[in-house]
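S.K.: input.cif is reproduced in full below (mmCIF, C-alpha atoms and all ligand atoms).
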```
data_my_file
loop_
_atom_site.label_atom_id
_atom_site.label_comp_id
_atom_site.auth_asym_id
_atom_site.auth_seq_id
_atom_site.Cartn_x
_atom_site.Cartn_y
_atom_site.Cartn_z
CA MET A 167 133.68 118.93 105.69
CA GLY A 168 132.74 116.04 103.44
CA ASP A 169 130.53 115.11 100.51
CA PHE A 170 129.00 111.66 100.80
CA LYS A 171 126.93 109.62 98.39
CA ILE A 172 124.32 107.51 100.17
CA ALA A 173 122.37 104.77 98.37
CA LEU A 174 118.96 104.84 100.03
CA ILE A 175 116.71 101.79 99.62
CA PRO A 176 113.37 102.42 101.41
CA GLY A 177 111.84 99.07 100.35
CA ASP A 178 108.44 97.93 101.63
CA GLY A 179 106.07 98.21 104.61
CA ILE A 180 107.52 100.54 107.26
CA GLY A 181 110.77 100.77 105.25
CA PRO A 182 109.88 104.13 103.63
CA GLU A 183 108.81 105.61 107.00
CA VAL A 184 112.06 104.70 108.79
CA SER A 185 114.19 105.64 105.74
CA ASN A 186 112.59 109.05 105.78
CA ALA A 187 113.67 109.40 109.43
CA VAL A 188 117.25 108.47 108.48
CA ARG A 189 117.35 111.02 105.69
CA GLN A 190 116.24 113.78 108.05
CA ILE A 191 118.79 112.74 110.70
CA LEU A 192 121.65 112.72 108.17
CA ASP A 193 120.60 116.14 106.85
CA VAL A 194 120.58 117.65 110.33
CA THR A 195 123.94 116.01 111.11
CA GLY A 196 125.26 117.49 107.87
CA SER A 197 124.05 121.00 108.76
CA ARG A 198 125.53 120.81 112.26
CA PHE A 199 128.93 119.44 111.25
CA GLY A 200 129.28 120.89 107.74
CA HIS A 201 128.84 117.80 105.54
CA ASN A 202 126.71 117.19 102.46
CA PHE A 203 124.82 113.95 101.99
CA HIS A 204 123.62 113.18 98.46
CA TYR A 205 120.97 110.48 98.18
CA ASP A 206 120.44 108.04 95.37
CA GLU A 207 117.01 106.52 96.06
CA LEU A 208 116.91 102.97 94.72
CA LEU A 209 114.36 100.18 94.33
CA ALA A 210 114.59 96.78 95.99
CA GLY A 211 112.15 94.23 97.39
CA GLY A 212 108.42 94.05 96.64
CA ILE A 213 108.22 97.58 95.28
CA ALA A 214 110.99 96.66 92.78
CA ILE A 215 109.13 93.48 91.78
CA ASP A 216 106.02 95.55 91.04
CA ALA A 217 107.99 98.13 89.06
CA THR A 218 110.52 95.96 87.21
CA GLY A 219 109.66 92.30 87.80
CA GLN A 220 112.88 91.75 89.82
CA PRO A 221 113.55 92.05 93.56
CA LEU A 222 117.01 93.51 92.95
CA PRO A 223 117.23 95.38 89.64
CA GLU A 224 120.76 95.67 88.19
CA ALA A 225 120.58 99.46 88.47
CA THR A 226 120.13 99.14 92.25
CA LEU A 227 123.21 97.01 92.76
CA ALA A 228 125.21 99.30 90.45
CA GLY A 229 124.01 102.37 92.39
CA CYS A 230 125.03 100.76 95.69
CA GLN A 231 128.46 99.84 94.34
CA LYS A 232 129.06 103.49 93.40
CA SER A 233 128.00 104.82 96.81
CA ASP A 234 129.97 105.51 100.00
CA ALA A 235 127.37 103.59 102.04
CA VAL A 236 123.96 101.97 101.67
CA PHE A 237 120.92 102.34 103.94
CA LEU A 238 118.13 99.80 103.58
CA GLY A 239 114.74 100.14 105.31
CA ALA A 240 113.17 96.68 104.97
CA VAL A 241 111.75 94.45 102.26
CA GLY A 242 108.89 91.98 102.03
CA GLY A 243 105.18 91.74 102.65
CA PRO A 244 102.22 89.36 102.37
CA GLN A 245 101.32 90.53 98.85
CA TRP A 246 104.53 88.90 97.55
CA ASP A 247 104.46 85.76 99.75
CA HIS A 248 102.97 83.60 96.99
CA LEU A 249 106.03 84.11 94.74
CA PRO A 250 108.62 81.31 94.43
CA GLY A 251 111.76 81.60 96.62
CA ASP A 252 114.05 83.09 93.98
CA SER A 253 111.57 85.82 93.00
CA ARG A 254 110.61 86.96 96.49
CA PRO A 255 111.48 90.42 97.87
CA GLU A 256 113.87 88.94 100.49
CA LYS A 257 116.04 87.65 97.64
CA ALA A 258 117.21 91.27 97.26
CA LEU A 259 118.99 91.02 100.63
CA LEU A 260 121.08 88.03 99.58
CA GLY A 261 121.82 89.72 96.23
CA LEU A 262 123.02 92.88 97.98
CA ARG A 263 125.16 90.93 100.47
CA SER A 264 126.89 88.87 97.80
CA GLY A 265 127.00 91.72 95.23
CA LEU A 266 128.70 94.04 97.72
CA GLY A 267 130.86 91.28 99.28
CA LEU A 268 129.41 91.92 102.75
CA TYR A 269 130.92 89.08 104.79
CA GLY A 270 130.64 90.60 108.28
CA ASN A 271 127.41 91.50 110.06
CA LEU A 272 127.70 93.71 113.14
CA ARG A 273 124.81 93.80 115.58
CA PRO A 274 125.25 95.82 118.75
CA ALA A 275 122.93 94.69 121.54
CA ILE A 276 122.72 97.58 123.99
CA LEU A 277 120.32 97.85 126.90
CA TYR A 278 119.64 101.56 127.24
CA GLN A 279 119.26 102.42 130.92
CA PRO A 280 115.84 104.14 130.53
CA LEU A 281 114.58 100.92 128.90
CA SER A 282 115.95 98.53 131.52
CA GLY A 283 112.35 97.69 132.52
CA ALA A 284 111.91 96.11 129.06
CA CYS A 285 114.69 93.58 129.77
CA PRO A 286 113.14 90.20 130.67
CA LEU A 287 116.16 89.24 132.84
CA HIS A 288 116.29 89.58 136.62
CA PRO A 289 116.70 93.28 137.59
CA ALA A 290 119.97 92.43 139.40
CA ILE A 291 121.39 91.30 136.05
CA ALA A 292 119.75 94.04 133.94
CA GLU A 293 120.95 96.86 136.16
CA LYS A 294 124.60 96.01 135.42
CA GLY A 295 123.92 97.06 131.81
CA ILE A 296 124.36 95.21 128.51
CA ASP A 297 126.59 96.34 125.66
CA ILE A 298 127.60 93.48 123.38
CA LEU A 299 128.75 93.67 119.77
CA PHE A 300 127.94 90.54 117.75
CA VAL A 301 130.11 89.95 114.70
CA ARG A 302 128.42 87.34 112.55
CA GLU A 303 129.97 85.75 109.46
CA LEU A 304 127.46 86.51 106.71
CA THR A 305 128.33 84.82 103.42
CA GLY A 306 129.51 81.31 104.37
CA GLY A 307 128.57 78.30 106.47
CA MET A 308 125.41 76.26 106.26
CA TYR A 309 123.24 78.98 104.72
CA PHE A 310 125.43 78.91 101.62
CA GLY A 311 126.72 75.31 101.70
CA ASP A 312 125.77 72.37 99.53
CA ASN A 313 122.19 71.23 100.23
CA GLY A 314 119.54 69.06 98.73
CA ARG A 315 117.28 66.05 98.97
CA ARG A 316 118.29 62.46 98.33
CA GLU A 317 117.42 58.87 99.01
CA GLY A 318 119.12 57.81 102.25
CA LYS A 319 119.39 54.49 104.13
CA LEU A 320 116.15 55.28 106.01
CA GLY A 321 114.30 56.63 102.97
CA PRO A 322 114.05 60.19 101.64
CA GLU A 323 116.29 62.68 103.49
CA ALA A 324 117.48 66.28 103.24
CA TYR A 325 120.93 67.71 103.99
CA ASP A 326 122.61 71.10 104.51
CA THR A 327 126.38 71.39 104.71
CA GLU A 328 128.40 73.58 107.06
CA ALA A 329 131.71 74.43 105.35
CA TYR A 330 134.21 77.19 106.14
CA SER A 331 137.48 77.99 104.41
CA VAL A 332 140.47 79.33 106.34
CA LEU A 333 140.15 82.55 104.33
CA GLU A 334 136.52 83.07 105.37
CA VAL A 335 137.29 82.49 109.05
CA GLU A 336 140.42 84.63 108.98
CA ARG A 337 138.76 87.68 107.43
CA ILE A 338 135.80 87.71 109.86
CA GLY A 339 138.21 86.98 112.72
CA ARG A 340 140.40 89.96 111.81
CA MET A 341 137.34 92.21 111.55
CA ALA A 342 136.30 91.11 115.06
CA PHE A 343 139.78 91.56 116.56
CA GLU A 344 140.03 95.08 115.06
CA LEU A 345 136.63 95.98 116.55
CA ALA A 346 137.54 94.47 119.94
CA ALA A 347 140.73 96.56 119.94
CA GLN A 348 138.55 99.70 119.63
CA ARG A 349 136.38 98.62 122.59
CA LYS A 350 137.37 96.68 125.74
CA ASN A 351 140.00 94.39 124.15
CA LYS A 352 137.88 91.34 124.86
CA LEU A 353 136.75 88.87 122.19
CA THR A 354 134.67 85.71 122.64
CA SER A 355 134.66 83.26 119.75
CA VAL A 356 131.64 80.94 119.68
CA ASP A 357 131.79 77.56 117.95
CA LYS A 358 130.91 73.88 118.42
CA ALA A 359 134.47 72.57 118.24
CA ASN A 360 133.64 69.56 120.45
CA VAL A 361 131.51 68.16 117.61
CA LEU A 362 132.04 69.92 114.27
CA GLU A 363 135.19 69.76 112.13
CA SER A 364 134.37 73.19 110.61
CA SER A 365 134.32 74.57 114.17
CA ARG A 366 137.73 73.06 114.92
CA LEU A 367 139.12 74.90 111.89
CA TRP A 368 137.29 78.04 113.10
CA ARG A 369 138.90 77.80 116.56
CA GLU A 370 142.42 76.98 115.23
CA THR A 371 142.23 79.99 112.92
CA MET A 372 141.04 82.34 115.67
CA ILE A 373 143.91 81.20 117.92
CA ARG A 374 146.45 81.63 115.12
CA ILE A 375 145.40 85.17 114.21
CA SER A 376 145.11 86.18 117.89
CA LYS A 377 148.95 86.32 117.89
CA ASP A 378 148.63 89.45 115.71
CA TYR A 379 146.44 91.16 118.34
CA PRO A 380 148.34 90.66 121.62
CA GLY A 381 146.32 93.39 123.35
CA VAL A 382 143.00 91.55 122.84
CA ALA A 383 142.04 88.74 125.23
CA LEU A 384 140.45 85.87 123.27
CA ASP A 385 138.27 83.22 124.83
CA HIS A 386 136.10 80.46 123.37
CA LEU A 387 132.65 79.16 124.18
CA TYR A 388 130.63 76.31 122.72
CA VAL A 389 127.42 77.70 121.26
CA ASP A 390 125.13 75.85 123.69
CA ASN A 391 127.04 77.24 126.66
CA ALA A 392 127.16 80.71 125.05
CA SER A 393 123.36 80.78 124.82
CA MET A 394 123.18 80.16 128.59
CA GLN A 395 125.94 82.57 129.58
CA LEU A 396 124.35 85.41 127.57
CA ILE A 397 121.39 85.22 129.91
CA ALA A 398 123.31 84.47 133.11
CA ARG A 399 126.08 87.08 132.78
CA PRO A 400 125.49 89.35 129.75
CA ASP A 401 127.65 92.11 131.25
CA ASP A 402 130.74 89.86 130.91
CA PHE A 403 130.59 89.95 127.10
CA ASP A 404 132.03 92.65 124.88
CA VAL A 405 132.65 91.47 121.29
CA VAL A 406 131.35 88.05 120.17
CA VAL A 407 132.42 86.54 116.84
CA THR A 408 130.67 83.52 115.39
CA THR A 409 129.45 81.68 112.31
CA ASN A 410 126.53 82.62 110.09
CA MET A 411 124.03 80.25 111.70
CA PHE A 412 125.15 80.57 115.35
CA GLY A 413 125.23 84.37 114.91
CA ASP A 414 121.72 84.38 113.48
CA ILE A 415 120.38 82.62 116.57
CA LEU A 416 122.49 84.23 119.32
CA SER A 417 121.98 87.80 118.08
CA ASP A 418 118.21 87.30 118.20
CA GLU A 419 118.55 86.02 121.76
CA ALA A 420 120.54 89.15 122.62
CA ALA A 421 117.93 91.32 120.85
CA MET A 422 115.29 89.91 123.16
CA ILE A 423 117.23 90.74 126.32
CA THR A 424 117.76 94.34 125.26
CA GLY A 425 114.10 95.19 124.75
CA SER A 426 112.34 95.81 121.44
CA ILE A 427 113.25 94.76 117.92
CA GLY A 428 112.51 98.40 117.03
CA MET A 429 115.71 99.49 118.82
CA LEU A 430 118.36 97.32 117.14
CA PRO A 431 120.60 98.57 114.34
CA SER A 432 123.02 96.60 112.18
CA ALA A 433 125.89 97.05 109.77
CA SER A 434 127.11 94.66 107.10
CA LEU A 435 130.69 95.19 106.00
CA GLY A 436 133.02 93.81 103.36
CA ALA A 437 136.58 94.52 102.32
CA PRO A 438 137.97 97.85 103.60
CA GLY A 439 137.01 100.66 101.22
CA SER A 440 133.89 98.93 99.86
CA PRO A 441 130.48 100.40 100.77
CA GLY A 442 128.88 98.96 103.90
CA MET A 443 125.15 98.36 104.21
CA TYR A 444 123.20 99.61 107.23
CA GLU A 445 119.72 98.48 108.22
CA PRO A 446 117.49 97.98 111.24
CA ILE A 447 117.29 94.29 112.18
CA HIS A 448 113.50 94.31 112.00
CA GLY A 449 111.50 93.49 108.89
CA SER A 450 108.91 95.52 107.00
CA ALA A 451 106.27 95.11 109.77
CA PRO A 452 103.28 95.11 107.38
CA ASP A 453 100.91 95.00 110.39
CA ILE A 454 101.83 98.58 111.35
CA ALA A 455 102.91 100.05 107.99
CA GLY A 456 101.55 103.49 107.04
CA GLN A 457 100.23 104.24 110.55
CA ASP A 458 103.08 106.46 111.82
CA ILE A 459 103.69 104.15 114.80
CA ALA A 460 106.90 102.32 113.78
CA ASN A 461 109.91 102.90 116.01
CA PRO A 462 112.50 104.76 113.89
CA LEU A 463 115.32 104.39 116.46
CA ALA A 464 116.80 101.14 115.07
CA SER A 465 117.17 102.92 111.73
CA ILE A 466 118.52 106.13 113.26
CA LEU A 467 121.07 104.09 115.24
CA SER A 468 121.98 102.25 112.00
CA ALA A 469 122.69 105.68 110.46
CA ALA A 470 124.99 106.39 113.42
CA MET A 471 126.86 103.15 112.66
CA MET A 472 127.14 104.28 109.03
CA LEU A 473 128.64 107.61 110.11
CA ARG A 474 131.21 105.85 112.30
CA LEU A 475 132.14 102.79 110.25
CA SER A 476 131.80 103.77 106.58
CA LEU A 477 132.13 107.56 106.61
CA ASN A 478 134.74 107.80 109.39
CA LEU A 479 132.73 110.41 111.29
CA PRO A 480 132.90 109.21 114.93
CA LYS A 481 132.01 112.58 116.46
CA GLU A 482 128.90 112.82 114.32
CA ALA A 483 127.93 109.20 115.16
CA ALA A 484 128.29 109.90 118.88
CA ALA A 485 126.11 113.03 118.53
CA VAL A 486 123.28 110.98 116.98
CA GLU A 487 123.59 108.26 119.65
CA SER A 488 123.61 110.85 122.41
CA ALA A 489 120.45 112.50 120.98
CA VAL A 490 118.70 109.10 121.03
CA THR A 491 119.79 108.46 124.63
CA HIS A 492 118.46 111.86 125.70
CA VAL A 493 115.10 111.35 124.00
CA LEU A 494 114.69 108.05 125.89
CA ALA A 495 115.82 109.61 129.15
CA ASP A 496 113.25 112.39 128.61
CA GLY A 497 110.53 109.73 128.51
CA TYR A 498 109.61 109.60 124.79
CA ARG A 499 108.56 106.12 123.66
CA THR A 500 107.06 104.64 120.54
CA ARG A 501 104.32 102.12 121.23
CA ASP A 502 106.63 99.07 121.11
CA ILE A 503 108.81 100.38 123.97
CA MET A 504 106.10 101.78 126.23
CA ASP A 505 106.79 100.16 129.59
CA LYS A 506 103.56 99.21 131.32
CA ARG A 507 105.37 99.06 134.69
CA GLN A 508 106.38 102.72 134.50
CA ALA A 509 103.90 105.45 135.47
CA GLU A 510 102.21 106.67 132.27
CA SER A 511 102.63 110.24 133.45
CA ASP A 512 106.43 109.82 133.19
CA LEU A 513 106.26 108.77 129.55
CA THR A 514 105.15 110.39 126.31
CA CYS A 515 103.90 108.11 123.54
CA ALA A 516 105.28 109.33 120.21
CA GLY A 517 104.71 108.26 116.61
CA THR A 518 107.45 107.73 114.03
CA GLN A 519 107.57 111.34 112.92
CA GLU A 520 107.35 112.82 116.43
CA MET A 521 110.10 110.51 117.72
CA THR A 522 112.31 111.57 114.79
CA ARG A 523 111.53 115.22 115.50
CA GLN A 524 112.55 114.78 119.15
CA VAL A 525 115.89 113.24 118.12
CA ILE A 526 116.44 116.06 115.62
CA GLU A 527 115.71 118.71 118.24
CA ARG A 528 118.43 117.34 120.54
CA LEU A 529 120.84 116.64 117.68
CA SER A 530 120.61 120.16 116.29
CA GLN A 531 121.10 121.72 119.74
CA GLY A 532 124.41 119.89 120.20
P1 LIG B 1 109.03 92.13 111.45
O1 LIG B 1 110.33 92.44 112.08
O2 LIG B 1 108.65 92.91 110.26
O3 LIG B 1 107.86 92.30 112.54
C1 LIG B 1 107.80 91.51 113.73
C2 LIG B 1 106.95 92.26 114.77
O4 LIG B 1 107.71 93.36 115.27
C3 LIG B 1 105.66 92.85 114.21
O5 LIG B 1 104.66 92.76 115.19
C4 LIG B 1 106.00 94.30 113.95
O6 LIG B 1 104.90 95.18 114.04
C5 LIG B 1 107.03 94.58 115.05
N1 LIG B 1 108.01 95.57 114.61
C6 LIG B 1 109.02 95.38 113.72
N2 LIG B 1 109.70 96.51 113.55
C7 LIG B 1 109.14 97.43 114.33
C8 LIG B 1 109.40 98.80 114.58
N3 LIG B 1 110.40 99.47 113.97
N4 LIG B 1 108.61 99.47 115.45
C9 LIG B 1 107.61 98.82 116.09
N5 LIG B 1 107.32 97.53 115.91
C10 LIG B 1 108.07 96.83 115.03
O7 LIG B 1 109.07 90.56 111.11
P2 LIG B 1 107.98 89.67 110.33
O8 LIG B 1 106.60 90.11 110.67
O9 LIG B 1 108.39 88.30 110.57
O10 LIG B 1 108.25 89.98 108.79
C11 LIG B 1 107.49 90.91 108.00
C12 LIG B 1 108.10 90.98 106.61
O11 LIG B 1 109.42 91.51 106.69
C13 LIG B 1 108.24 89.61 105.94
O12 LIG B 1 107.92 89.75 104.59
C14 LIG B 1 109.70 89.25 106.13
O13 LIG B 1 110.18 88.38 105.15
C15 LIG B 1 110.33 90.63 106.02
N6 LIG B 1 111.65 90.75 106.67
C16 LIG B 1 112.53 91.60 106.08
C17 LIG B 1 113.75 91.84 106.68
C18 LIG B 1 114.68 92.82 106.03
O14 LIG B 1 114.28 93.53 105.12
N7 LIG B 1 115.93 92.92 106.48
C19 LIG B 1 114.08 91.22 107.89
C20 LIG B 1 113.13 90.38 108.49
C21 LIG B 1 111.92 90.15 107.87
#
```
Any chance you could put this one into structure tokens?

M.R.:
Amino acid sequence: MGDFKIALIPGDGIGPEVSNAVRQILDVTGSRFGHNFHYDELLAGGIAIDATGQPLPEATLAGCQKSDAVFLGAVGGPQWDHLPGDSRPEKALLGLRSGLGLYGNLRPAILYQPLSGACPLHPAIAEKGIDILFVRELTGGMYFGDNGRREGKLGPEAYDTEAYSVLEVERIGRMAFELAAQRKNKLTSVDKANVLESSRLWRETMIRISKDYPGVALDHLYVDNASMQLIARPDDFDVVVTTNMFGDILSDEAAMITGSIGMLPSASLGAPGSPGMYEPIHGSAPDIAGQDIANPLASILSAAMMLRLSLNLPKEAAAVESAVTHVLADGYRTRDIMDKRQAESDLTCAGTQEMTRQVIERLSQG
């Protein structure tokens, strides 16, 4: 029995539709397992700009800091695209990450067996299954390093700097080792240590801290090789830890090989005890907003990650994941995961609300 305070940020586009699905799923999980979820609905993104003039009002960050966990739908949309960089809806994401100290981004890339037809890889590779957890450093590296424009030897030039401190590498490394120890005890660290000094520090640090996790086998891949091996032998990977930029690129590659963007959840975590933030990896999908066709499963699976990682409710998380697996096995598909190669008679096309209802039906049955 637990009482949990959830900061809920619906945001823009399909964000409110998928957040609504998450709220229903948490409520049903609460009824089945005897927990209470209290929601603090907060503004961020374009809707916050319209209401307050700021993408991330102070009250939103304060509400998140007081919560046990944060769920965010998505932010952004064409009506705010004309705004300057610092005033755009997406600025709220960076503000939440830095304000909550979220330095680790977890993206599971799982190929669900009923969706194996959506995997663009050779069937012989796809049928072995894919279940990889990407652990991406989220608040350092080139996306946060010194950058600018200047006059160079060949005329005007621009630069971005990749810099990592030992502390930054060590804390994301420890997060990845801990997660690997809860899975198959296998961790792959991805860097570019043959070229970059920051990568040599990354690799040295990973090797040093590996001594504290003798049960976990650590190996290293250069990022260019990793991008090939993910396609050639995805079933060999379990947990992958890498920098902010390499993680950005490789986790999108993995998303592609597991089917639709509408299926992929994520968690962003900081220091133990601080609230984590959970969100689907997709954006606000303005092209399909308000039509009841968005796939809610990435959000529902993000809620499962929240239950497991921030609320310490592994049984409840597994129940939600199992309900999703059963709905897929029973042939329910939102439009984005309809498989043209499968007989239409075997599949039922469902909208956002119907898909959520199907998950709830299986979740409440136990
Ligand atoms: P997007 O992820 O919103 O959409 C890309 C494509 O995938 C679209 O065709 C969309 O219809 C489809 N799609 C996305 N989610 C889906 C779902 N759940 N079910 C079915 N189909 C889905 O990316 P975009 O179009 O590049 O960006 C749209 C807006 O979202 C932009 O303003 C962008 O800045 C913002 N964005 C926000 C986040 C975030 O809030 N975390 C992340 C990425 C992009």

S.K.: Taking only C-alpha atoms and all ligand atoms into account, which residues have an atom no farther than 9 Å from ligand LIG 1 (chain B)? I'd like them as a ChimeraX atom specification.

M.R.: /A:177-181,184,211,238-247,254-256,258-259,426-430,445-455,459-465,500-503,518

S.K.: Find the residues around stretch 232-235 of chain A up to 7 Å (only C-alpha atoms counted), leave out those fewer than 2 positions away in its own chain, and share them as a PDB file with C-alpha atoms, in the coordinates of the input.

M.R.:
```pdb
ATOM      1  CA  PHE A 170     129.000 111.660 100.800  1.00  0.00           C
ATOM      2  CA  LYS A 171     126.930 109.620  98.390  1.00  0.00           C
ATOM      3  CA  ILE A 172     124.320 107.510 100.170  1.00  0.00           C
ATOM      4  CA  ALA A 173     122.370 104.770  98.370  1.00  0.00           C
ATOM      5  CA  ALA A 228     125.210  99.300  90.450  1.00  0.00           C
ATOM      6  CA  GLY A 229     124.010 102.370  92.390  1.00  0.00           C
ATOM      7  CA  CYS A 230     125.030 100.760  95.690  1.00  0.00           C
ATOM      8  CA  PHE A 237     120.920 102.340 103.940  1.00  0.00           C
ATOM      9  CA  PRO A 441     130.480 100.400 100.770  1.00  0.00           C
ATOM     10  CA  GLY A 442     128.880  98.960 103.900  1.00  0.00           C
ATOM     11  CA  MET A 443     125.150  98.360 104.210  1.00  0.00           C
ATOM     12  CA  SER A 476     131.800 103.770 106.580  1.00  0.00           C
TER      13      SER A 476
END
```

S.K.: Between A:Arg499, A:Leu384, A:Asp402, A:Tyr325, which is the closest to A:Gln519 once you count only C-alpha atoms?

M.R.: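 So, comparing all the options, the nearest one is A:Arg499.
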
S.K.: Which residues come within 10 Å of stretch 268-272 of chain A, counting only C-alpha atoms, excluding same-chain residues fewer than 4 positions away, as a PyMOL selection string?

M.R.: chain A and resi 260+262-264+299-306+334+337-339+341-342+345+405-407+409-410+413-414+417+431-437+440-444+471

S.K.: Mind listing whatever residues come within 12 Å of the point (122.9, 96.0, 130.2)? Use only C-alpha atoms, file coordinates, and give them as a ChimeraX atom specification.

M.R.: /A:274-298,396-404,420-421,423-425

S.K.: Selection from above, C-alpha atoms, as a short mmCIF file (atom, residue, chain, number, x, y, z; two decimals), in the frame of the given file, can you write it?

M.R.:
```cif
data_model
loop_
_atom_site.label_atom_id
_atom_site.label_comp_id
_atom_site.auth_asym_id
_atom_site.auth_seq_id
_atom_site.Cartn_x
_atom_site.Cartn_y
_atom_site.Cartn_z
CA PRO A 274 125.25 95.82 118.75
CA ALA A 275 122.93 94.69 121.54
CA ILE A 276 122.72 97.58 123.99
CA LEU A 277 120.32 97.85 126.90
CA TYR A 278 119.64 101.56 127.24
CA GLN A 279 119.26 102.42 130.92
CA PRO A 280 115.84 104.14 130.53
CA LEU A 281 114.58 100.92 128.90
CA SER A 282 115.95 98.53 131.52
CA GLY A 283 112.35 97.69 132.52
CA ALA A 284 111.91 96.11 129.06
CA CYS A 285 114.69 93.58 129.77
CA PRO A 286 113.14 90.20 130.67
CA LEU A 287 116.16 89.24 132.84
CA HIS A 288 116.29 89.58 136.62
CA PRO A 289 116.70 93.28 137.59
CA ALA A 290 119.97 92.43 139.40
CA ILE A 291 121.39 91.30 136.05
CA ALA A 292 119.75 94.04 133.94
CA GLU A 293 120.95 96.86 136.16
CA LYS A 294 124.60 96.01 135.42
CA GLY A 295 123.92 97.06 131.81
CA ILE A 296 124.36 95.21 128.51
CA ASP A 297 126.59 96.34 125.66
CA ILE A 298 127.60 93.48 123.38
CA LEU A 396 124.35 85.41 127.57
CA ILE A 397 121.39 85.22 129.91
CA ALA A 398 123.31 84.47 133.11
CA ARG A 399 126.08 87.08 132.78
CA PRO A 400 125.49 89.35 129.75
CA ASP A 401 127.65 92.11 131.25
CA ASP A 402 130.74 89.86 130.91
CA PHE A 403 130.59 89.95 127.10
CA ASP A 404 132.03 92.65 124.88
CA ALA A 420 120.54 89.15 122.62
CA ALA A 421 117.93 91.32 120.85
CA ILE A 423 117.23 90.74 126.32
CA THR A 424 117.76 94.34 125.26
CA GLY A 425 114.10 95.19 124.75
#
```

S.K.: In Å, rounded to a single decimal, give me how far atom CA of A:Tyr388 is from atom CA of A:Ala359.

M.R.: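 Going from atom CA of A:Ala359 over to atom CA of A:Tyr388 covers 7.0 Å.
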
S.K.: Which of these, A:Leu333, A:Leu249, A:Leu416, A:Met411, has the shortest distance to A:Leu367 once you count only C-alpha atoms?

M.R.: A:Leu333

S.K.: Counting only C-alpha atoms, figure out which residue out of A:Asp206, A:Ser393, A:Arg523, A:Ile373 gets nearest to A:Gln231.

M.R.: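 With only C-alpha atoms as the atom set, the closest residue is A:Asp206.
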
S.K.: With all atoms listed in the file as the atoms that count, which of A:Glu487, A:Asp512, A:Asp312, A:Glu207 lies nearest to A:Ile526?

M.R.: A:Glu487
